[in-house]
Every structure is written in C-alpha cells, then in structure tokens.
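A.B. asks: Pasting protein-v5.csv here (CSV, C-alpha atoms):
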```csv
chain,number,residue,atom,x,y,z
A,1445,MET,CA,55.9,120.0,142.7
A,1446,THR,CA,59.3,118.5,142.2
A,1447,PRO,CA,60.7,119.4,138.8
A,1448,GLN,CA,61.6,116.5,136.7
A,1449,PHE,CA,64.6,116.6,134.3
A,1450,ASP,CA,62.5,117.6,131.3
A,1451,GLU,CA,61.3,120.5,133.3
A,1452,LEU,CA,64.9,121.5,134.2
A,1453,ARG,CA,65.7,121.4,130.5
A,1454,ASP,CA,62.6,123.5,129.7
A,1455,ILE,CA,63.6,126.0,132.3
A,1456,TRP,CA,67.2,126.1,131.0
A,1457,GLN,CA,66.2,126.5,127.4
A,1458,SER,CA,63.6,129.1,128.1
A,1459,ASP,CA,66.5,131.6,128.0
A,1460,ALA,CA,66.5,132.7,124.4
A,1461,GLY,CA,69.2,135.3,125.1
A,1462,GLY,CA,71.9,136.1,122.6
A,1463,GLY,CA,69.3,137.2,120.1
A,1464,GLY,CA,70.7,140.7,120.4
A,1465,VAL,CA,74.1,139.6,119.2
A,1466,ASN,CA,74.8,140.6,115.6
A,1467,PRO,CA,77.4,138.2,114.3
A,1468,HIS,CA,78.6,140.7,111.6
A,1469,GLN,CA,79.1,143.4,114.2
A,1470,LEU,CA,80.8,141.0,116.5
A,1471,LEU,CA,83.1,139.9,113.7
A,1472,GLY,CA,84.1,143.5,113.1
A,1473,GLN,CA,84.8,144.0,116.8
A,1474,LEU,CA,86.9,140.9,117.0
A,1475,GLN,CA,89.0,141.8,113.9
A,1476,ARG,CA,89.7,145.3,115.4
A,1477,ARG,CA,90.6,143.6,118.7
A,1478,MET,CA,93.0,141.2,116.9
A,1479,ARG,CA,94.7,144.0,115.1
A,1480,ASP,CA,95.2,146.0,118.3
A,1481,PHE,CA,96.4,142.9,120.1
A,1482,GLU,CA,98.9,142.1,117.4
A,1483,GLY,CA,100.2,145.7,117.5
A,1484,THR,CA,100.6,145.4,121.2
A,1485,ILE,CA,102.6,142.2,120.9
A,1486,ARG,CA,104.8,143.7,118.2
A,1487,ARG,CA,105.5,146.9,120.3
A,1488,ARG,CA,106.3,144.8,123.4
A,1489,ASP,CA,108.7,142.6,121.5
A,1490,LEU,CA,110.4,145.7,120.0
A,1491,ARG,CA,110.7,147.3,123.5
A,1492,GLU,CA,112.4,144.1,124.8
A,1493,THR,CA,114.7,143.9,121.9
A,1494,ILE,CA,115.7,147.5,122.1
A,1495,GLY,CA,116.3,147.2,125.8
A,1496,GLY,CA,118.5,144.2,125.3
A,1497,VAL,CA,120.4,145.8,122.5
A,1498,LEU,CA,121.0,149.0,124.5
A,1499,VAL,CA,122.4,147.1,127.5
A,1500,ALA,CA,124.6,145.0,125.2
A,1501,PHE,CA,125.7,148.1,123.4
A,1502,PHE,CA,126.5,150.0,126.6
A,1503,PHE,CA,128.7,147.2,128.0
A,1504,VAL,CA,130.4,146.5,124.7
A,1505,TRP,CA,131.3,150.2,124.6
A,1506,GLN,CA,132.5,150.0,128.2
A,1507,ALA,CA,134.6,147.0,127.2
A,1508,ILE,CA,136.2,148.9,124.3
A,1509,SER,CA,137.1,151.8,126.5
A,1510,ALA,CA,138.2,149.7,129.5
A,1511,SER,CA,141.9,150.0,130.4
A,1512,ASP,CA,142.4,146.5,131.8
A,1513,THR,CA,141.7,143.0,130.5
A,1514,LEU,CA,139.6,141.8,133.4
A,1515,THR,CA,137.2,144.7,133.2
A,1516,ARG,CA,137.0,144.2,129.4
A,1517,ILE,CA,136.2,140.5,129.8
A,1518,ALA,CA,133.6,141.4,132.5
A,1519,CYS,CA,131.9,144.0,130.3
A,1520,ILE,CA,131.7,141.6,127.3
A,1521,TRP,CA,130.4,138.9,129.7
A,1522,ILE,CA,127.6,141.2,130.9
A,1523,ALA,CA,126.7,142.2,127.3
A,1524,GLY,CA,126.5,138.5,126.5
A,1525,CYS,CA,124.3,138.0,129.6
A,1526,GLY,CA,121.9,140.7,128.3
A,1527,VAL,CA,121.6,139.0,125.0
A,1528,TRP,CA,121.3,135.6,126.7
A,1529,VAL,CA,118.5,136.7,129.0
A,1530,ILE,CA,116.5,138.2,126.1
A,1531,PHE,CA,116.9,135.0,124.1
A,1532,TYR,CA,115.9,132.9,127.1
A,1533,LEU,CA,112.8,134.9,127.9
A,1534,ARG,CA,111.8,134.7,124.2
A,1535,ARG,CA,112.5,131.0,124.1
A,1536,TYR,CA,110.5,130.2,127.2
A,1537,SER,CA,107.8,132.8,127.1
A,1538,ARG,CA,105.5,130.3,125.5
A,1539,ALA,CA,105.5,128.6,128.9
A,1540,SER,CA,103.0,131.2,130.2
A,1541,ARG,CA,100.6,131.0,127.2
A,1542,ASN,CA,97.2,129.5,127.7
A,1543,PRO,CA,96.8,126.1,126.1
A,1544,ALA,CA,94.8,125.7,122.9
A,1545,PRO,CA,91.1,125.5,124.0
A,1546,GLU,CA,90.1,122.6,121.6
A,1547,GLN,CA,91.2,120.0,124.1
A,1548,THR,CA,88.8,118.1,126.3
A,1549,LEU,CA,87.8,119.9,129.5
A,1550,ALA,CA,89.9,117.5,131.7
A,1551,ALA,CA,93.0,117.9,129.5
A,1552,TYR,CA,92.6,121.7,129.4
A,1553,ARG,CA,92.4,121.9,133.2
A,1554,GLN,CA,95.5,119.7,133.4
A,1555,ALA,CA,97.2,121.9,130.9
A,1556,LEU,CA,96.4,125.1,132.9
A,1557,ARG,CA,97.9,123.5,136.0
A,1558,GLU,CA,101.0,122.5,134.0
A,1559,LYS,CA,101.3,126.0,132.8
A,1560,TYR,CA,101.7,127.1,136.4
A,1561,ASP,CA,104.1,124.3,137.1
A,1562,ARG,CA,106.3,125.3,134.1
A,1563,GLN,CA,106.3,128.9,135.3
A,1564,ILE,CA,107.3,127.9,138.8
A,1565,ARG,CA,110.1,125.8,137.4
A,1566,LEU,CA,111.3,128.7,135.3
A,1567,LEU,CA,111.3,131.1,138.3
A,1568,LYS,CA,113.0,128.5,140.5
A,1569,SER,CA,115.8,128.2,138.0
A,1570,ALA,CA,116.2,132.0,137.6
A,1571,LYS,CA,119.3,131.9,139.9
A,1572,TYR,CA,121.1,129.9,137.2
A,1573,TRP,CA,120.1,131.6,134.0
A,1574,TYR,CA,119.6,135.1,135.2
A,1575,VAL,CA,121.0,136.0,138.7
A,1576,LEU,CA,124.3,134.0,138.6
A,1577,PRO,CA,125.6,135.1,135.2
A,1578,PHE,CA,125.0,138.8,136.0
A,1579,TRP,CA,126.5,138.4,139.5
A,1580,ILE,CA,129.7,136.8,138.0
A,1581,GLY,CA,130.0,139.7,135.5
A,1582,LEU,CA,129.5,142.4,138.2
A,1583,MET,CA,132.0,140.7,140.5
A,1584,LEU,CA,134.6,140.6,137.7
A,1585,ILE,CA,134.1,144.3,137.3
A,1586,ALA,CA,134.7,144.8,141.0
A,1587,VAL,CA,137.8,142.6,140.9
A,1588,GLY,CA,139.1,144.5,137.9
A,1589,SER,CA,138.5,147.8,139.6
A,1590,PHE,CA,140.4,146.5,142.7
A,1591,GLU,CA,143.3,145.4,140.7
A,1592,ARG,CA,143.5,148.7,139.0
A,1593,LYS,CA,142.9,151.1,141.9
A,1594,GLY,CA,143.3,149.0,145.0
A,1595,GLY,CA,141.3,149.8,148.1
A,1596,ALA,CA,140.2,146.7,150.0
A,1597,MET,CA,137.3,148.4,151.7
A,1598,ARG,CA,136.0,149.8,148.5
A,1599,PHE,CA,136.1,146.4,146.9
A,1600,LEU,CA,134.4,144.8,149.8
A,1601,LEU,CA,131.5,147.4,149.8
A,1602,THR,CA,131.1,147.1,146.0
A,1603,ALA,CA,131.0,143.3,146.2
A,1604,ILE,CA,128.5,143.4,149.0
A,1605,TRP,CA,126.3,145.9,147.0
A,1606,PHE,CA,126.4,143.8,143.9
A,1607,THR,CA,125.6,140.6,145.9
A,1608,ALA,CA,122.8,142.3,147.7
A,1609,VAL,CA,121.2,143.6,144.5
A,1610,ASN,CA,121.4,140.1,143.0
A,1611,ALA,CA,120.0,138.6,146.2
A,1612,VAL,CA,117.0,140.8,145.9
A,1613,VAL,CA,116.4,139.8,142.3
A,1614,TRP,CA,116.8,136.1,143.4
A,1615,TRP,CA,114.3,136.6,146.2
A,1616,LEU,CA,111.8,138.4,143.9
A,1617,ASN,CA,111.9,135.4,141.5
A,1618,GLU,CA,112.4,132.3,143.6
A,1619,VAL,CA,110.6,133.3,146.8
A,1620,LYS,CA,108.0,136.0,146.1
A,1621,GLY,CA,107.3,135.0,142.5
A,1622,VAL,CA,107.0,131.3,143.2
A,1623,ARG,CA,104.8,131.9,146.3
A,1624,SER,CA,102.5,134.1,144.2
A,1625,LEU,CA,102.3,131.4,141.5
A,1626,ARG,CA,101.6,128.7,143.9
A,1627,ALA,CA,98.7,130.7,145.3
A,1628,LYS,CA,97.3,131.2,141.8
A,1629,ARG,CA,97.7,127.5,141.1
A,1630,ALA,CA,95.8,126.7,144.2
A,1631,ASP,CA,93.1,129.2,143.2
A,1632,LEU,CA,92.8,127.6,139.8
A,1633,VAL,CA,92.4,124.1,141.4
A,1634,SER,CA,89.6,125.5,143.6
A,1635,LEU,CA,87.9,127.1,140.6
A,1636,THR,CA,88.1,124.0,138.4
A,1637,GLY,CA,87.2,121.5,141.1
A,1638,ASP,CA,89.1,118.2,141.6
A,1639,GLU,CA,92.7,117.8,140.5
A,1640,GLY,CA,91.7,116.0,137.4
A,1641,GLU,CA,89.4,113.0,137.1
A,1642,SER,CA,89.6,111.6,133.6
A,1643,LYS,CA,89.0,108.4,131.8
B,135,MET,CA,113.1,142.9,137.1
B,136,GLN,CA,110.3,141.6,139.2
B,137,GLY,CA,109.8,137.9,138.5
B,138,PHE,CA,109.5,136.4,135.1
B,139,PRO,CA,107.6,138.6,132.6
B,140,PHE,CA,104.4,136.5,132.3
B,141,ARG,CA,102.3,136.7,129.2
B,142,GLU,CA,98.7,135.9,129.3
B,143,ASP,CA,98.0,136.0,125.6
B,144,TYR,CA,96.6,133.3,123.4
B,145,LEU,CA,98.9,133.5,120.5
B,146,TYR,CA,99.1,130.5,118.2
B,147,ARG,CA,100.4,130.2,114.8
B,148,MET,CA,97.4,130.3,112.6
B,149,PRO,CA,97.2,127.7,109.9
B,150,GLN,CA,96.6,129.2,106.5
B,151,MET,CA,92.9,129.6,105.6
B,152,ALA,CA,91.3,132.1,103.3
B,153,GLN,CA,90.0,135.0,105.3
B,154,SER,CA,86.6,134.8,103.5
B,155,ASP,CA,86.2,131.1,104.4
B,156,GLN,CA,87.1,131.8,108.0
B,157,GLN,CA,84.6,134.7,108.1
B,158,ALA,CA,81.8,132.6,106.5
B,159,ALA,CA,82.4,129.8,109.0
B,160,PHE,CA,82.4,132.2,111.9
B,161,LEU,CA,79.2,133.9,110.9
B,162,ARG,CA,77.5,130.5,110.4
B,163,ILE,CA,78.6,129.2,113.7
B,164,MET,CA,77.5,132.3,115.5
B,165,GLU,CA,74.1,132.3,113.9
B,166,GLN,CA,73.7,128.6,114.8
B,167,TYR,CA,75.1,128.6,118.3
B,168,ARG,CA,74.7,132.0,119.8
B,169,GLN,CA,71.8,131.1,122.0
B,170,PRO,CA,73.5,127.9,123.5
B,171,VAL,CA,76.7,129.9,123.9
B,172,TRP,CA,74.7,132.7,125.6
B,173,ARG,CA,73.1,130.3,128.0
B,174,LEU,CA,76.6,128.8,128.8
B,175,VAL,CA,77.9,132.3,129.5
B,176,ASN,CA,74.9,132.9,131.8
B,177,SER,CA,75.9,129.9,133.9
B,178,TYR,CA,79.3,131.5,134.5
B,179,GLU,CA,78.6,135.2,134.8
B,180,THR,CA,75.9,137.3,136.4
B,181,GLU,CA,76.7,140.9,135.5
B,182,PRO,CA,75.6,141.9,132.0
B,183,SER,CA,78.8,143.6,131.1
B,184,ARG,CA,80.8,140.6,132.1
B,185,ARG,CA,78.5,138.3,130.2
B,186,GLU,CA,79.2,140.4,127.1
B,187,ASP,CA,82.9,140.3,127.7
B,188,LEU,CA,82.9,136.5,128.2
B,189,PHE,CA,80.7,136.0,125.1
B,190,GLN,CA,83.2,138.1,123.1
B,191,GLU,CA,86.2,136.1,124.6
B,192,ILE,CA,84.5,132.9,123.5
B,193,ALA,CA,83.7,134.3,120.0
B,194,LEU,CA,87.4,135.4,119.7
B,195,GLY,CA,88.5,131.9,120.7
B,196,LEU,CA,86.2,130.4,118.1
B,197,TRP,CA,87.5,132.8,115.5
B,198,GLN,CA,91.1,131.8,116.2
B,199,ALA,CA,90.3,128.1,116.4
B,200,ILE,CA,88.4,127.9,113.1
B,201,PRO,CA,91.5,127.5,110.9
B,202,ARG,CA,92.7,124.7,113.2
B,203,PHE,CA,89.4,122.7,113.0
B,204,ARG,CA,90.1,119.4,111.2
B,205,GLY,CA,86.8,117.6,111.7
B,206,ASP,CA,88.3,115.1,114.2
B,207,SER,CA,85.2,115.7,116.3
B,208,SER,CA,81.7,117.1,115.5
B,209,GLU,CA,81.5,120.8,115.2
B,210,ARG,CA,79.2,120.9,118.2
B,211,THR,CA,81.6,119.1,120.6
B,212,TRP,CA,84.5,121.2,119.2
B,213,LEU,CA,82.5,124.3,120.0
B,214,TYR,CA,81.5,123.3,123.5
B,215,ARG,CA,85.1,122.4,124.3
B,216,ILE,CA,86.3,125.8,123.3
B,217,ALA,CA,83.5,127.7,124.9
B,218,HIS,CA,83.9,126.0,128.3
B,219,ASN,CA,87.7,126.1,128.3
B,220,ILE,CA,87.7,129.8,127.4
B,221,ALA,CA,85.1,130.5,130.1
B,222,ILE,CA,87.4,128.8,132.6
B,223,SER,CA,90.4,130.8,131.5
B,224,THR,CA,88.5,134.0,131.5
B,225,MET,CA,87.1,133.4,135.0
B,226,GLU,CA,90.6,132.5,136.2
B,227,SER,CA,92.1,135.7,134.7
B,228,ARG,CA,89.4,137.8,136.3
B,229,ARG,CA,90.0,136.2,139.6
B,230,LYS,CA,93.7,137.0,139.3
B,231,ARG,CA,92.8,140.6,138.5
B,232,GLU,CA,90.3,141.1,141.2
B,233,HIS,CA,92.1,138.9,143.7
B,234,ARG,CA,89.0,138.0,145.6
B,235,GLU,CA,86.5,135.3,145.7
B,236,PHE,CA,83.5,135.1,143.5
B,237,PRO,CA,80.3,136.4,144.9
B,238,ILE,CA,78.2,133.4,145.8
B,239,THR,CA,75.0,135.2,146.4
B,240,GLU,CA,73.9,136.6,143.1
B,241,SER,CA,72.1,139.8,142.4
B,242,PHE,CA,70.2,139.5,139.2
B,243,SER,CA,67.7,142.1,138.2
B,244,SER,CA,64.3,140.6,139.1
B,245,PRO,CA,62.1,140.0,136.2
B,246,SER,CA,59.4,142.6,135.9
B,247,VAL,CA,55.9,141.5,136.5
B,248,ALA,CA,54.7,144.0,134.0
B,249,ASP,CA,56.8,142.5,131.3
B,250,HIS,CA,55.9,138.9,131.9
B,251,PRO,CA,52.6,137.1,132.2
B,252,ASP,CA,52.4,135.0,135.3
B,253,ARG,CA,53.5,131.8,133.6
B,254,THR,CA,56.6,133.4,132.1
B,255,LEU,CA,57.5,135.2,135.4
B,256,LEU,CA,57.4,131.9,137.3
B,257,LEU,CA,59.6,130.3,134.7
B,258,GLU,CA,62.0,133.2,134.9
B,259,GLU,CA,62.2,132.9,138.6
B,260,LYS,CA,62.9,129.2,138.4
B,261,ARG,CA,65.5,129.8,135.8
B,262,GLN,CA,67.3,132.4,137.9
B,263,ALA,CA,67.2,130.0,140.9
B,264,MET,CA,68.6,127.3,138.8
B,265,LEU,CA,71.3,129.6,137.4
B,266,ALA,CA,72.3,130.7,140.9
B,267,ALA,CA,72.6,127.0,142.0
B,268,MET,CA,74.6,126.2,138.9
B,269,ARG,CA,77.0,129.0,139.5
B,270,GLU,CA,77.8,127.5,142.9
B,271,LEU,CA,78.8,124.2,141.4
B,272,ALA,CA,82.5,123.3,140.8
B,273,ALA,CA,83.5,124.1,137.2
B,274,ILE,CA,83.5,120.6,136.0
B,275,ASP,CA,80.0,119.9,137.4
B,276,LYS,CA,78.7,123.1,135.9
B,277,GLN,CA,80.2,122.2,132.5
B,278,LEU,CA,78.5,118.7,132.7
B,279,ILE,CA,75.1,120.0,133.5
B,280,VAL,CA,75.2,122.7,130.9
B,281,LEU,CA,76.0,120.2,128.2
B,282,HIS,CA,73.3,117.8,129.5
B,283,LEU,CA,70.7,120.6,129.6
B,284,GLU,CA,71.7,121.5,126.0
B,285,GLY,CA,70.7,118.0,125.0
B,286,LEU,CA,74.1,116.5,124.3
B,287,SER,CA,74.3,112.7,124.6
B,288,TYR,CA,76.6,111.0,127.2
B,289,GLU,CA,78.8,110.1,124.4
B,290,GLU,CA,79.2,113.7,123.2
B,291,ILE,CA,79.7,114.8,126.8
B,292,GLU,CA,82.4,112.2,127.1
B,293,GLN,CA,84.2,113.6,124.0
B,294,ILE,CA,84.0,117.1,125.4
B,295,SER,CA,84.8,116.6,129.0
B,296,GLY,CA,87.3,113.7,128.9
B,297,LEU,CA,85.4,112.0,131.7
B,298,SER,CA,84.1,108.4,131.4
B,299,GLN,CA,80.3,107.9,130.7
B,300,SER,CA,79.9,106.3,134.1
B,301,ALA,CA,81.5,109.2,135.9
B,302,ILE,CA,79.4,111.6,133.9
B,303,GLY,CA,76.2,109.6,134.8
B,304,SER,CA,76.9,109.6,138.5
B,305,ARG,CA,77.9,113.3,138.6
B,306,LEU,CA,74.8,114.3,136.6
B,307,SER,CA,72.5,112.4,138.9
B,308,ARG,CA,73.9,114.2,141.9
B,309,ILE,CA,73.8,117.6,140.2
B,310,ARG,CA,70.2,117.1,139.0
B,311,ASP,CA,69.2,116.3,142.5
B,312,ARG,CA,70.8,119.4,143.8
B,313,LEU,CA,69.2,121.6,141.2
B,314,THR,CA,65.8,120.0,141.7
B,315,ALA,CA,66.1,120.7,145.4
B,316,THR,CA,67.0,124.3,144.8
B,317,ILE,CA,64.0,124.8,142.6
B,318,ARG,CA,61.7,123.0,144.9
B,319,GLY,CA,63.0,125.2,147.8
B,320,LYS,CA,62.3,128.2,145.7
B,321,GLU,CA,58.7,127.0,145.0
B,322,ILE,CA,58.1,126.4,148.7
B,323,ARG,CA,59.5,129.8,149.7
B,324,GLY,CA,57.7,131.5,146.8
```
Turn the structure described in the file into structure tokens.
C.D. replies:
Amino acid sequence: MTPQFDELRDIWQSDAGGGGVNPHQLLGQLQRRMRDFEGTIRRRDLRETIGGVLVAFFFVWQAISASDTLTRIACIWIAGCGVWVIFYLRRYSRASRNPAPEQTLAAYRQALREKYDRQIRLLKSAKYWYVLPFWIGLMLIAVGSFERKGGAMRFLLTAIWFTAVNAVVWWLNEVKGVRSLRAKRADLVSLTGDEGESK
Amino acid sequence: MQGFPFREDYLYRMPQMAQSDQQAAFLRIMEQYRQPVWRLVNSYETEPSRREDLFQEIALGLWQAIPRFRGDSSERTWLYRIAHNIAISTMESRRKREHREFPITESFSSPSVADHPDRTLLLEEKRQAMLAAMRELAAIDKQLIVLHLEGLSYEEIEQISGLSQSAIGSRLSRIRDRLTATIRGKEIRG
C-alpha cells in the first residue's frame, strides 16, 4: 500500500514524545545555564583586559626606563598596539556571533554564511591591524638597540627573528585561519543545502 | 595568538521585560509546543542525549527571544523559525566539534514488540523509516517537510522559510514522493 499524505502526517504525529519534559524543571536548568554562561563571558573579558593592561604596563615601564628616544618611542608604540588590538578584538568580536534566530530560515542561512565571510575578511586584514603595528614597534626597538650598542650582525639577526615571528603570526591568521574558515563555510553550505533560494 | 579569537556565543542585548512575564510566557509556550518541538528535534538527531541537548538549545533560544517578540508574526511561525534556525546552528557547531560527517545510516533502538500491539509497532517502524529518510534530506527540505507535517499552511511556511509558495509546493511534492517511496520500500521489505 502506498501511503498517502494524510498517512504520512499520521505517522509523523504518532510521536507524542516530549511528554517527559517538565517545563518548570527545564526553566530552572536554563536559568542556571545562563548564569554560568554570563559568568564565563565576564571572566573571559576580564582575562583579555588584564592581559592587555599588563602588556601595555610592561612596555610603558620599559619606555620610562629606556635610555634613548627611539627605544622609548618604540615601547610606547607597542603599548599602544596592545591597547589597540584589545579594542579591535572587542569591537569586531560580534562578527563571530550567531545571528538572531527569529529570521526566516533563508535569511538565517544567509546570515550564517555572512558570519564566515566577515570572519574571513577580519583574518585577511590581520596583517594591517595586528601584525604590521607590532612589527613596526619591534623593528624600532631593534634599530634603537643598534644605535645604542652597534653590532650590525646582532641587529640583522634580531630583525630576522622579529620578522620571522610576525610572519608566523601572519601565516596563522591569513593562511591557516582563512583556510580553516573556508572549509567550515563549505561544510555549512553542504549542511544547509543550496546557497540560498529565496523569494 | 593563533588566528582570531572566535566566539560562538549567542549574546544579544535583552530588551527589558519583567522576569515573571518572561517565565510565564516560556512555560506556556513549552506546555503548548513541546511535542511539535520534540518531533522537530527527532528529525535532526538520533541519539537520545543529543536530542535532549538540542531540545534544551531550542528552549534556551526561545527563552532569550521571548523579550524580543513583537508580534510581527504569529507565535507559531516565530517559534518554528527559532527552533529550526537553532537546530541548524547546533548541528553546525557539533559538526565543527566532531569534524566528521553525519552518520547517514541511523541506529535507533528498535521498538519492542512486547511494548507495542501490532498496529502500534507497525506505525513505529514506519515512523522510524520516515525519520531516517528525513534526516538524509538537505536542511531546507527537512525544514519544509517538518512544517508541512505539523499542519502549517503554505502561507505560514512561506513566512517561516522565506521561500515562495510555488517553490515550497514543488519541493514538498518531491519530498513527499521520496518519503512515500521510502515507506513503501520498508513495507515491501518488512
């Protein structure tokens, strides 16, 4: 016998599950979960802020105790970079939040894809807002040290080291990070079906 | 630092609403819709613990969304939007965590003959076959058929999905044929 649509609906609605769910109990669980979650967010924000402040404080202190102007400028620059990066991350962290779920299903799928696109753009621009400012600060320190103490080979090795570290950070963001995000975006598209068919 | 520090949280500014009103609305919604939501969850997840997790995720999404509900749509279409969208996000997060494909072949616990009279057992077998076929559908197709089976009109499905009624009609026709064939195959094999 071929089931007709009414039968499909009967089969579907024969599942009377969910009866074991106690809404009051569920509400209690959710409220506990929300409290825990908010606590986690607060602790994370605090950790990030303390980290940024410590970096800034360290370099300001270095600037005060520096014996030459160039090193002093470099240390203040790096302290500023620390504050800038914290601000930038806070400012753009919303890019990775999930969209509000009240939208239509088509709009939500689109918003999820755009979330990845925004994250990819952020990572691809990390060389400007993250890598380059720190590299400039570190190179100024190297130049300051060269002017103070001399030693061309030492300067060269230091410059290479600072550049290599920044190159690794650039690679982690713009190559590895972006590649991973693109794979996740493709996975999302395969999960949700077509790239967005709407009215 | 490895990459940008991604955050996976839903964190929105909550409009002001009395906690007691929010609680009352939540309890009423859960009383009224827990079975349809449970059926929806079943179309996404097979393992009982994951079903409970997904149900709780949806409940959490509803709880957070209640203060934002402005009555622009009916409560039912609002609820189904949230439930399906959160189901998609949850499945996506789980895929990211597990880094593997979904199992296509499902392993449900077979209904016990002792617990079910013949008629009920047959119905249960058909339901499981139907669920297995539904879980293999693309997300949007699964969402459409769930809404249709729950008895929503094309107009309501249009409001929820964002697809046109003609697109909904043609897709549903194809999905119904597929489900019907699956159940018919089950009957022949059974």
A.B. asks: Would you work out the distance separating atom CA of Phe1531 of chain A from atom CA of Glu1492 of chain A, expressed in Å to one decimal?
C.D. replies: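 Atom-to-atom, atom CA of Phe1531 of chain A to atom CA of Glu1492 of chain A, that is 10.2 Å.
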A.B. asks: I'd like to know which of B:Arg269, B:Arg318, B:Arg185, B:Arg305 is closest to chain A, using all atoms listed in the file.
C.D. replies: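 Checking each of B:Arg269, B:Arg318, B:Arg185, B:Arg305 against chain A, counting all atoms listed in the file, the winner is B:Arg318.
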A.B. asks: Give the answer as one residue: which of B:Arg312, B:His218, B:Arg184, B:Arg231 has the shortest atom-to-atom distance to chain A, using all atoms listed in the file?
C.D. replies: B:His218
A.B. asks: Nearest to chain A among B:Leu213, B:Met151, B:Leu297, B:Ala158, with distances taken over all atoms listed in the file: which residue is it?
C.D. replies: B:Leu297
A.B. asks: Report, in Å with one decimal, the straight-line distance from atom CA of Lys1571 of chain A to atom CA of Ala1555 of chain A.
C.D. replies: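 Interatomic distance here is 25.9 Å.
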A.B. asks: Which residues come within 7 Å of Trp1614 of chain A, counting all atoms listed in the file, excluding same-chain residues fewer than 4 positions away, as a list in words?
C.D. replies: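 My reading of the contact set: Lys1571, Val1575, Asn1610 and Glu1618 of chain A.
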A.B. asks: Measure the distance from atom CA of Leu1471 of chain A to atom CA of Leu188 of chain B in Å and round it to one decimal.
C.D. replies: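 We find that atom CA of Leu1471 of chain A and atom CA of Leu188 of chain B lie 14.9 Å from each other.
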A.B. asks: Which residue gives the smallest distance to chain B among A:Arg1453, A:Arg1557, A:Arg1479, A:Arg1491, with all atoms listed in the file counted?
C.D. replies: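 For chain B, the nearest of the given residues is A:Arg1453.
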A.B. asks: I'd like the contact shell of Arg1565 of chain A - 9 Å cut-off, all atoms listed in the file, skipping same-chain residues fewer than 5 positions apart - returned as a list in words.
C.D. replies: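 Non-adjacent residues within range: Tyr1560, Ala1570 and Val1622 of chain A.
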A.B. asks: What's around segment 165-177 of chain B at 8 Å? Count all atoms listed in the file, leave out sequence neighbours fewer than 5 positions away in its own chain, and write the answer as a ChimeraX atom specification.
C.D. replies: /A:1456-1457,1459-1463,1465,1467 /B:185,188-189,217-218,221,265-266,268-269,276,280,284
A.B. asks: I'd like to know which of A:Met1478, A:Ile1455, A:Val1633, A:Leu1582 is closest to chain B, using all atoms listed in the file.
C.D. replies: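 Counting all atoms listed in the file, the residue closest to chain B is A:Ile1455.
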